[in-house]
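Visitor: My file is upload_18.csv. It has CSV, C-alpha atoms and all ligand atoms:
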chain,number,residue,atom,x,y,z
A,1,MET,CA,-5.1,-17.7,-35.8
A,2,LEU,CA,-6.6,-19.1,-32.5
A,3,GLU,CA,-9.1,-21.9,-32.4
A,4,LEU,CA,-10.6,-23.7,-29.4
A,5,VAL,CA,-12.0,-27.2,-30.3
A,6,ASN,CA,-14.3,-29.0,-27.9
A,7,LEU,CA,-12.2,-27.8,-24.9
A,8,SER,CA,-13.1,-29.4,-21.6
A,9,LYS,CA,-11.6,-28.9,-18.2
A,10,SER,CA,-12.7,-30.2,-14.8
A,11,TYR,CA,-11.3,-29.6,-11.3
A,12,GLY,CA,-12.0,-32.3,-8.7
A,13,GLY,CA,-14.7,-33.9,-10.8
A,14,ARG,CA,-16.5,-30.5,-11.3
A,15,ALA,CA,-16.7,-29.4,-15.0
A,16,VAL,CA,-15.5,-25.8,-15.5
A,17,LEU,CA,-15.4,-25.8,-19.3
A,18,ALA,CA,-17.4,-28.4,-21.2
A,19,ALA,CA,-16.8,-28.9,-24.9
A,20,LEU,CA,-16.1,-25.3,-25.6
A,21,SER,CA,-15.5,-24.4,-29.3
A,22,HIS,CA,-14.7,-21.0,-30.6
A,23,ARG,CA,-12.7,-19.4,-33.4
A,24,PHE,CA,-11.0,-16.0,-32.7
A,25,GLU,CA,-10.6,-13.8,-35.7
A,26,PRO,CA,-7.0,-12.7,-36.4
A,27,GLY,CA,-6.3,-9.2,-35.3
A,28,GLU,CA,-9.5,-9.0,-33.2
A,29,PHE,CA,-9.5,-7.4,-29.7
A,30,VAL,CA,-11.9,-9.5,-27.7
A,31,ALA,CA,-13.1,-9.0,-24.2
A,32,ILE,CA,-14.4,-12.0,-22.2
A,33,MET,CA,-16.7,-11.2,-19.3
A,34,GLY,CA,-18.8,-13.5,-17.1
A,35,GLU,CA,-19.6,-14.4,-13.5
A,36,SER,CA,-16.9,-15.1,-11.0
A,37,GLY,CA,-15.9,-18.7,-11.0
A,38,VAL,CA,-17.3,-19.5,-14.5
A,39,GLY,CA,-13.9,-20.3,-15.8
A,40,LYS,CA,-12.5,-17.2,-17.5
A,41,SER,CA,-9.0,-17.5,-16.1
A,42,THR,CA,-9.0,-21.2,-16.7
A,43,LEU,CA,-9.8,-20.6,-20.3
A,44,LEU,CA,-6.9,-18.1,-20.6
A,45,ASN,CA,-4.6,-20.5,-18.9
A,46,LEU,CA,-5.5,-23.2,-21.4
A,47,ILE,CA,-4.9,-20.8,-24.3
A,48,ALA,CA,-1.6,-19.8,-22.9
A,49,GLY,CA,-0.6,-23.5,-22.4
A,50,LEU,CA,-0.1,-23.0,-18.7
A,51,ASP,CA,-2.6,-25.7,-18.1
A,52,ALA,CA,-3.7,-28.7,-20.2
A,53,PRO,CA,-7.3,-29.4,-21.2
A,54,ASP,CA,-8.8,-32.8,-20.2
A,55,SER,CA,-10.0,-33.2,-23.7
A,56,GLY,CA,-10.2,-31.0,-26.9
A,57,GLU,CA,-7.5,-28.8,-28.1
A,58,VAL,CA,-6.2,-25.3,-28.6
A,59,ARG,CA,-5.0,-24.6,-32.1
A,60,VAL,CA,-2.6,-21.8,-32.9
A,61,ASP,CA,-2.2,-21.1,-36.7
A,62,GLY,CA,-3.8,-24.5,-37.2
A,63,THR,CA,-1.3,-26.4,-35.1
A,64,PRO,CA,-2.6,-28.2,-32.0
A,65,MET,CA,-0.6,-27.0,-29.0
A,66,SER,CA,-0.6,-30.6,-27.7
A,67,ALA,CA,1.4,-31.6,-30.8
A,68,LEU,CA,4.3,-29.3,-29.8
A,69,ASP,CA,7.0,-30.5,-27.5
A,70,ASP,CA,8.0,-28.3,-24.5
A,71,ASP,CA,10.7,-26.4,-26.4
A,72,ALA,CA,8.4,-25.7,-29.4
A,73,ALA,CA,5.6,-24.6,-27.2
A,74,THR,CA,7.9,-22.3,-25.2
A,75,ARG,CA,9.2,-20.9,-28.5
A,76,LEU,CA,5.7,-20.2,-29.8
A,77,ARG,CA,4.7,-18.5,-26.6
A,78,ARG,CA,7.9,-16.4,-26.4
A,79,THR,CA,7.7,-15.2,-30.0
A,80,ARG,CA,4.0,-15.0,-30.7
A,81,MET,CA,2.3,-14.2,-27.4
A,82,GLY,CA,2.3,-11.6,-24.8
A,83,PHE,CA,0.9,-12.1,-21.3
A,84,ILE,CA,-0.5,-9.8,-18.7
A,85,PHE,CA,-1.4,-12.2,-15.9
A,86,GLN,CA,-1.7,-11.4,-12.2
A,87,ALA,CA,0.6,-14.4,-11.5
A,88,PHE,CA,3.3,-13.3,-13.9
A,89,HIS,CA,5.2,-11.0,-11.6
A,90,VAL,CA,8.0,-8.9,-12.8
A,91,LEU,CA,11.4,-10.3,-11.8
A,92,PRO,CA,12.5,-8.7,-8.6
A,93,HIS,CA,16.3,-8.8,-9.3
A,94,LEU,CA,16.0,-7.0,-12.6
A,95,THR,CA,15.5,-3.3,-13.1
A,96,LEU,CA,12.3,-2.1,-14.7
A,97,LEU,CA,14.1,-1.5,-18.0
A,98,GLN,CA,15.6,-5.0,-17.9
A,99,ASN,CA,12.2,-6.5,-17.1
A,100,VAL,CA,10.6,-4.8,-20.0
A,101,ALA,CA,13.5,-5.6,-22.3
A,102,LEU,CA,13.4,-9.3,-21.4
A,103,PRO,CA,11.1,-10.6,-24.2
A,104,LEU,CA,13.3,-8.9,-26.8
A,105,LEU,CA,16.4,-10.4,-25.3
A,106,LEU,CA,14.8,-13.9,-25.1
A,107,ASN,CA,13.9,-13.6,-28.7
A,108,GLY,CA,17.4,-12.7,-29.7
A,109,ARG,CA,16.4,-9.1,-30.7
A,110,PRO,CA,17.7,-6.9,-27.9
A,111,ASP,CA,16.4,-3.3,-28.4
A,112,ALA,CA,16.9,-1.0,-25.4
A,113,ALA,CA,15.3,1.9,-27.3
A,114,ARG,CA,12.1,-0.1,-27.8
A,115,ALA,CA,12.0,-1.1,-24.1
A,116,THR,CA,12.6,2.5,-23.1
A,117,GLN,CA,9.8,3.6,-25.4
A,118,MET,CA,7.4,1.2,-23.8
A,119,LEU,CA,8.3,2.3,-20.3
A,120,ASP,CA,7.7,5.9,-21.4
A,121,ALA,CA,4.4,4.8,-22.9
A,122,VAL,CA,3.1,3.4,-19.6
A,123,GLY,CA,4.1,6.5,-17.7
A,124,LEU,CA,7.3,5.1,-16.1
A,125,GLY,CA,9.8,7.0,-18.3
A,126,GLY,CA,12.9,7.9,-16.2
A,127,ARG,CA,12.3,5.0,-13.8
A,128,GLY,CA,14.0,2.3,-15.8
A,129,ALA,CA,16.8,1.9,-13.3
A,130,ASP,CA,14.4,1.3,-10.4
A,131,PHE,CA,13.7,-2.1,-9.1
A,132,PRO,CA,10.2,-3.6,-8.7
A,133,ARG,CA,10.3,-3.4,-4.9
A,134,GLN,CA,10.3,0.4,-5.3
A,135,LEU,CA,6.9,0.4,-7.2
A,136,SER,CA,3.3,0.4,-6.2
A,137,GLY,CA,1.0,-2.4,-7.3
A,138,GLY,CA,-0.5,-0.3,-10.1
A,139,GLU,CA,3.0,0.7,-11.3
A,140,LEU,CA,4.0,-2.9,-11.4
A,141,GLN,CA,1.0,-3.7,-13.4
A,142,ARG,CA,2.1,-1.1,-15.9
A,143,VAL,CA,5.5,-2.6,-16.1
A,144,ALA,CA,3.8,-6.0,-16.9
A,145,ILE,CA,1.8,-4.3,-19.6
A,146,ALA,CA,4.9,-2.8,-21.2
A,147,ARG,CA,6.7,-6.1,-21.1
A,148,ALA,CA,3.7,-7.9,-22.7
A,149,LEU,CA,3.7,-5.6,-25.6
A,150,VAL,CA,7.4,-4.8,-26.2
A,151,HIS,CA,8.1,-7.6,-28.7
A,152,ARG,CA,4.9,-6.9,-30.6
A,153,PRO,CA,3.2,-10.3,-30.1
A,154,ALA,CA,0.7,-11.6,-32.5
A,155,LEU,CA,-1.6,-12.5,-29.6
A,156,LEU,CA,-1.9,-10.7,-26.3
A,157,LEU,CA,-3.5,-12.6,-23.4
A,158,ALA,CA,-4.6,-10.4,-20.5
A,159,ASP,CA,-6.3,-11.3,-17.3
A,160,GLU,CA,-7.8,-8.2,-15.7
A,161,PRO,CA,-5.0,-6.0,-17.0
A,162,THR,CA,-6.2,-2.9,-15.3
A,163,GLY,CA,-7.4,-4.5,-12.1
A,164,ASN,CA,-4.9,-2.6,-9.9
A,165,LEU,CA,-5.2,0.8,-11.6
A,166,ASP,CA,-7.3,3.9,-10.8
A,167,PRO,CA,-9.9,4.6,-13.5
A,168,ASP,CA,-8.0,7.4,-15.3
A,169,THR,CA,-4.7,5.4,-15.4
A,170,ALA,CA,-6.7,2.3,-16.5
A,171,ALA,CA,-8.3,4.2,-19.4
A,172,GLY,CA,-4.9,5.5,-20.5
A,173,ILE,CA,-3.3,2.1,-20.3
A,174,LEU,CA,-6.2,0.4,-22.2
A,175,HIS,CA,-6.0,3.0,-25.0
A,176,LEU,CA,-2.2,2.3,-25.2
A,177,LEU,CA,-2.9,-1.4,-25.3
A,178,ARG,CA,-5.4,-1.0,-28.1
A,179,THR,CA,-3.2,1.4,-30.0
A,180,GLU,CA,-0.2,-1.0,-29.8
A,181,ILE,CA,-2.1,-4.2,-30.9
A,182,LYS,CA,-3.9,-2.4,-33.7
A,183,ALA,CA,-0.6,-0.9,-34.9
A,184,SER,CA,0.9,-4.3,-35.1
A,185,GLY,CA,-2.2,-6.2,-36.3
A,186,ALA,CA,-2.2,-8.3,-33.2
A,187,GLY,CA,-5.2,-10.1,-31.7
A,188,ALA,CA,-5.9,-9.8,-28.0
A,189,ILE,CA,-8.1,-11.7,-25.5
A,190,MET,CA,-8.8,-9.7,-22.3
A,191,VAL,CA,-10.7,-11.2,-19.4
A,192,THR,CA,-12.3,-8.4,-17.4
A,193,HIS,CA,-15.1,-7.6,-15.0
A,194,SER,CA,-14.9,-3.9,-16.1
A,195,HIS,CA,-17.5,-2.7,-18.6
A,196,ALA,CA,-15.3,0.3,-19.2
A,197,ALA,CA,-12.4,-2.0,-20.2
A,198,ALA,CA,-14.6,-4.2,-22.3
A,199,ALA,CA,-15.9,-1.1,-24.2
A,200,LEU,CA,-12.5,-0.7,-25.7
A,201,ALA,CA,-12.5,-4.2,-27.3
A,202,ASP,CA,-13.9,-4.8,-30.8
A,203,ARG,CA,-16.3,-7.4,-29.4
A,204,THR,CA,-17.3,-8.7,-26.0
A,205,PHE,CA,-18.2,-12.3,-25.2
A,206,VAL,CA,-19.8,-13.6,-22.0
A,207,LEU,CA,-18.6,-17.0,-20.8
A,208,THR,CA,-21.4,-19.1,-19.4
A,209,ARG,CA,-21.9,-22.8,-18.8
A,210,ALA,CA,-23.2,-22.9,-22.4
A,211,GLY,CA,-20.0,-21.4,-23.8
A,212,LEU,CA,-18.9,-18.1,-25.3
A,213,LYS,CA,-21.8,-15.9,-26.4
A,214,LEU,CA,-21.6,-12.4,-27.9
A,215,ALA,CA,-22.6,-9.8,-25.3
A,301,LIG,N1,-6.0,-25.1,-10.0
A,301,LIG,C1,-7.3,-25.3,-9.6
A,301,LIG,N2,-7.6,-26.3,-8.8
A,301,LIG,C2,-8.9,-26.5,-8.5
A,301,LIG,N3,-9.9,-25.7,-8.9
A,301,LIG,C3,-9.6,-24.7,-9.7
A,301,LIG,C4,-8.3,-24.4,-10.1
A,301,LIG,N4,-8.3,-23.3,-10.9
A,301,LIG,C5,-9.6,-22.9,-10.9
A,301,LIG,N5,-10.4,-23.7,-10.2
A,301,LIG,C6,-11.8,-23.6,-10.1
A,301,LIG,O1,-12.4,-23.5,-11.3
A,301,LIG,C7,-13.5,-22.5,-11.3
A,301,LIG,C8,-13.2,-21.5,-12.4
A,301,LIG,O2,-12.1,-20.7,-11.9
A,301,LIG,P1,-11.6,-19.4,-12.8
A,301,LIG,O3,-10.5,-18.8,-12.0
A,301,LIG,O4,-11.3,-19.9,-14.1
A,301,LIG,O5,-12.9,-18.5,-12.8
A,301,LIG,P2,-13.1,-17.0,-13.3
A,301,LIG,O6,-14.2,-17.0,-14.2
A,301,LIG,O7,-11.8,-16.5,-13.8
A,301,LIG,O8,-13.4,-16.3,-11.9
A,301,LIG,P3,-13.1,-14.7,-11.4
A,301,LIG,O9,-13.9,-13.8,-12.2
A,301,LIG,O10,-13.6,-14.8,-10.0
A,301,LIG,O11,-11.6,-14.5,-11.5
A,301,LIG,C9,-13.6,-22.0,-9.9
A,301,LIG,O12,-14.6,-22.7,-9.2
A,301,LIG,C10,-12.2,-22.4,-9.3
A,301,LIG,O13,-12.3,-22.6,-7.9
Please re-express this file's structure in structure tokens.
Ligand SMILES: Nc1ncnc2c1ncn2[C@@H]1O[C@H](COP(=O)(O)OP(=O)(O)OP(=O)(O)O)[C@@H](O)[C@H]1O

Guide:
Amino acid sequence: MLELVNLSKSYGGRAVLAALSHRFEPGEFVAIMGESGVGKSTLLNLIAGLDAPDSGEVRVDGTPMSALDDDAATRLRRTRMGFIFQAFHVLPHLTLLQNVALPLLLNGRPDAARATQMLDAVGLGGRGADFPRQLSGGELQRVAIARALVHRPALLLADEPTGNLDPDTAAGILHLLRTEIKASGAGAIMVTHSHAAAALADRTFVLTRAGLKLA
């Protein structure tokens, strides 16, 4: 479903990604590891359409993202993708339940029971009426995970999804993540420095200057 074709990206004249090509298998849970600064988050941002490549393209279901206008790209992201990014903070003026329910609402499929189920699944059952300011960093991360999965996206993009969590909670959350994507047949791309996290993926790739290589 997801294909990278000759993707290049430079910052300030310095090449971060150079003619990167890769095809992700549908329904595959992939971990991407690699040295700090090699371009893992940059790659995820390009896939998510949060940043544009200098050249090359990201194809989703055969369609180049660059061929979509803003509305169509937003619709594709909203319906087909889920995001767990450090920068995608939960919305402070919404309750936890409202935050988790938001993707369903935006997709015209409000479902409070499903949102409640996801909050329960990340260990925050009973706290749906709380506001984000009442939560720890790790708890907020769990809200972000529930929100990313609630609408059963076809593709989950996750940047260090368990970075703020203690090892036991991280393991529980990663199992949940795996269970959810496998139950819905979704693919997932997870950037991580954690070997324990990568061990839960179907395959692990290492990003180097030469591209994505199987670990
Ligand atoms: N918006 C930006 N402007 C300028 N340089 C950037 C920008 N985003 C990333 N970079 C640079 O691109 C390189 C790759 O950054 P990126 O965050 O993708 O690395 P990473 O592999 O995710 O690193 P880490 O494992 O430390 O999170 C870094 O040298 C970074 O400084």

Visitor: Between CA of Ala67 (chain A) and CA of Lys9 (chain A), measure the distance and give it in Å to one decimal.

Guide: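 We find that CA of Ala67 (chain A) and CA of Lys9 (chain A) lie 18.3 Å from each other.
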
Visitor: Would you pick out the contacts of region 210-213 of chain A at 10 Å or less, using only C-alpha atoms, so that residues sharing its chain but fewer than 5 positions from it are not included, and give the list as number ranges by chain?

Guide: A: 17-22, 32-34, 38, 204-205

Visitor: Around ligand LIG 301 (chain A), out to 10 Å and counting all atoms listed in the file, which residues are there? I want them as a PyMOL selection string.

Guide: chain A and resi 9-17+32-46+51+159-160+191-193+207-208

Visitor: Closest to Ala199 (chain A) among A:Pro64, A:Ala215, A:Met118, A:Gly187, using only C-alpha atoms?

Guide: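 Nearest candidate to Ala199 (chain A) out of A:Pro64, A:Ala215, A:Met118, A:Gly187: A:Ala215.
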
Visitor: Considering all atoms listed in the file, can you say which of A:Met81, A:Pro53, A:Gly62, A:Ala146 comes closest to Gln98 (chain A)?

Guide: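 Going through A:Met81, A:Pro53, A:Gly62, A:Ala146 one by one, the smallest distance to Gln98 (chain A) is for A:Ala146.
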